[in-house]
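S.K.: Once you've had a glance at the structure underneath, I'll fire off some questions.
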Amino acid sequence: LLKPAIAYFIQMQGYILYYIFSLVCIYILIFMTVVFLESKIVSTHRLGETTPAIYTRKFWVYLSAMTSSYMMVCFQWPGYPENIFFILILLTACLPMSRQARLGTVALCIVTHDGSAFALIPIILFCFPKQERIPALFAVVLFYGIWFVSHGLNLQQGLESHVVVGNKSNWSLLTRNPALAVVGVFFAYKLLWFIGLYTSWRLWLEKDRETALAIVGITLFSVLMLLLGWDTTRLAGFGFLGMLI
């Protein structure tokens, strides 16, 4: 609801204006990704590293991130709302926030995309302060409770729009083409999957198991959405923060 509501409020309605508004959202997402990478990763210079080497490293980091599905899908389907959700997540990761601000961000994420909970739950569990986790998770539960009641307590009716493609259920499509689904998930991050696995393995060996579990949990938890939606590459990209970490 949030993205079309913002567009409506600022008079960016219709095919052309809403497309322009979506491109602005994509630009902000690119900017926030650069802010995150500059502040968390690529600004850390290695001992004895020359300036050309620094810029070469930055180039490959940016190329890897910007060709991941969470970014590329925005250009393929610019009208989709999740780029607002991604921006909100990066704002939370980059800016110091109060307890109320973080809880408000969770609420805005939920009204942006109903599937955002699949990305929010591991982020709340691993990244939020302990005293804030239960209220934030309660906001997610409350949203789905309202969603369930709005469908007359009929779960099948609520899920039907997500799990049916044409006359076939999403589950039948997955079981009939499991290899295609795996390839779709792979292309969400391509070779970055191997970097994520290697990093998690190294962190586990170094006894930093909480960070290893956070990376795996944030990246993979959104894959559960494949039980509800057929666009595997797009939905796997909801775990983008784990990849960036």
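Chain labels run A, B, ... following the order of the structure tokens; each chain numbers its residues from 1, and ligands are numbered from 1 in the order shown.
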Using backbone DSSP assignments, extract all strand (DSSP E or B) residues from chain A; output them as a PyMOL selection string.

M.R.: chain A and resi 164-165+168-169

S.K.: Can I get the selected residues back with all heavy atoms, as an mmCIF file, in the first residue's frame?

M.R.:
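Printed below is out_25.cif as written:
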data_model
loop_
_atom_site.group_PDB
_atom_site.id
_atom_site.type_symbol
_atom_site.label_atom_id
_atom_site.label_comp_id
_atom_site.auth_asym_id
_atom_site.auth_seq_id
_atom_site.Cartn_x
_atom_site.Cartn_y
_atom_site.Cartn_z
ATOM 1 N N VAL A 164 -1.800 -19.551 -6.640
ATOM 2 C CA VAL A 164 -2.379 -20.027 -7.883
ATOM 3 C C VAL A 164 -1.874 -19.171 -9.039
ATOM 4 O O VAL A 164 -1.979 -17.953 -9.016
ATOM 5 C CB VAL A 164 -3.924 -19.992 -7.837
ATOM 6 C CG1 VAL A 164 -4.506 -20.378 -9.189
ATOM 7 C CG2 VAL A 164 -4.443 -20.927 -6.754
ATOM 8 N N VAL A 165 -1.263 -19.828 -10.042
ATOM 9 C CA VAL A 165 -0.806 -19.158 -11.256
ATOM 10 C C VAL A 165 -1.584 -19.780 -12.412
ATOM 11 O O VAL A 165 -1.393 -20.947 -12.747
ATOM 12 C CB VAL A 165 0.709 -19.345 -11.475
ATOM 13 C CG1 VAL A 165 1.142 -18.614 -12.733
ATOM 14 C CG2 VAL A 165 1.483 -18.832 -10.268
ATOM 15 N N LYS A 168 -3.091 -23.477 -12.088
ATOM 16 C CA LYS A 168 -2.198 -24.402 -11.402
ATOM 17 C C LYS A 168 -1.673 -23.753 -10.130
ATOM 18 O O LYS A 168 -1.398 -22.560 -10.091
ATOM 19 C CB LYS A 168 -1.027 -24.790 -12.321
ATOM 20 C CG LYS A 168 -1.479 -25.476 -13.620
ATOM 21 C CD LYS A 168 -0.304 -25.699 -14.548
ATOM 22 C CE LYS A 168 -0.772 -26.329 -15.860
ATOM 23 N NZ LYS A 168 0.353 -26.471 -16.830
ATOM 24 N N SER A 169 -1.519 -24.566 -9.102
ATOM 25 C CA SER A 169 -0.992 -24.057 -7.845
ATOM 26 C C SER A 169 0.504 -23.846 -7.952
ATOM 27 O O SER A 169 1.193 -24.506 -8.754
ATOM 28 C CB SER A 169 -1.298 -25.035 -6.705
ATOM 29 O OG SER A 169 -0.524 -26.212 -6.846
#

S.K.: Can you list, as a PyMOL selection string, every residue of range 144-231 of chain A that DSSP puts in alpha helix (DSSP H)?

M.R.: chain A and resi 144-150+155-163+170-176+178-189+192-205+209-220

S.K.: Neighbouring residues of Cys127 in chain A were defined as those with any atom within 9 Å, considering only C-alpha atoms; residues of the same chain fewer than 5 positions away were excluded. Please report them as a PDB file with N, CA and C atoms, in the first residue's frame.

M.R.:
ATOM      1  N   ALA A  93      19.712   0.083   8.816  1.00  0.00           N
ATOM      2  CA  ALA A  93      21.059  -0.457   8.965  1.00  0.00           C
ATOM      3  C   ALA A  93      22.127   0.632   9.004  1.00  0.00           C
ATOM      4  N   PRO A 122      14.067 -12.575  10.519  1.00  0.00           N
ATOM      5  CA  PRO A 122      15.467 -12.809  10.904  1.00  0.00           C
ATOM      6  C   PRO A 122      16.234 -11.527  11.207  1.00  0.00           C
ATOM      7  N   ALA A 214      23.421 -15.251  11.563  1.00  0.00           N
ATOM      8  CA  ALA A 214      22.690 -14.072  11.081  1.00  0.00           C
ATOM      9  C   ALA A 214      22.753 -13.982   9.565  1.00  0.00           C
TER      10      ALA A 214
END

S.K.: Nearest residue to Phe138 in chain A out of A:Leu103, A:Ser150, A:Val185, A:Ser98, using only C-alpha atoms?

M.R.: A:Leu103
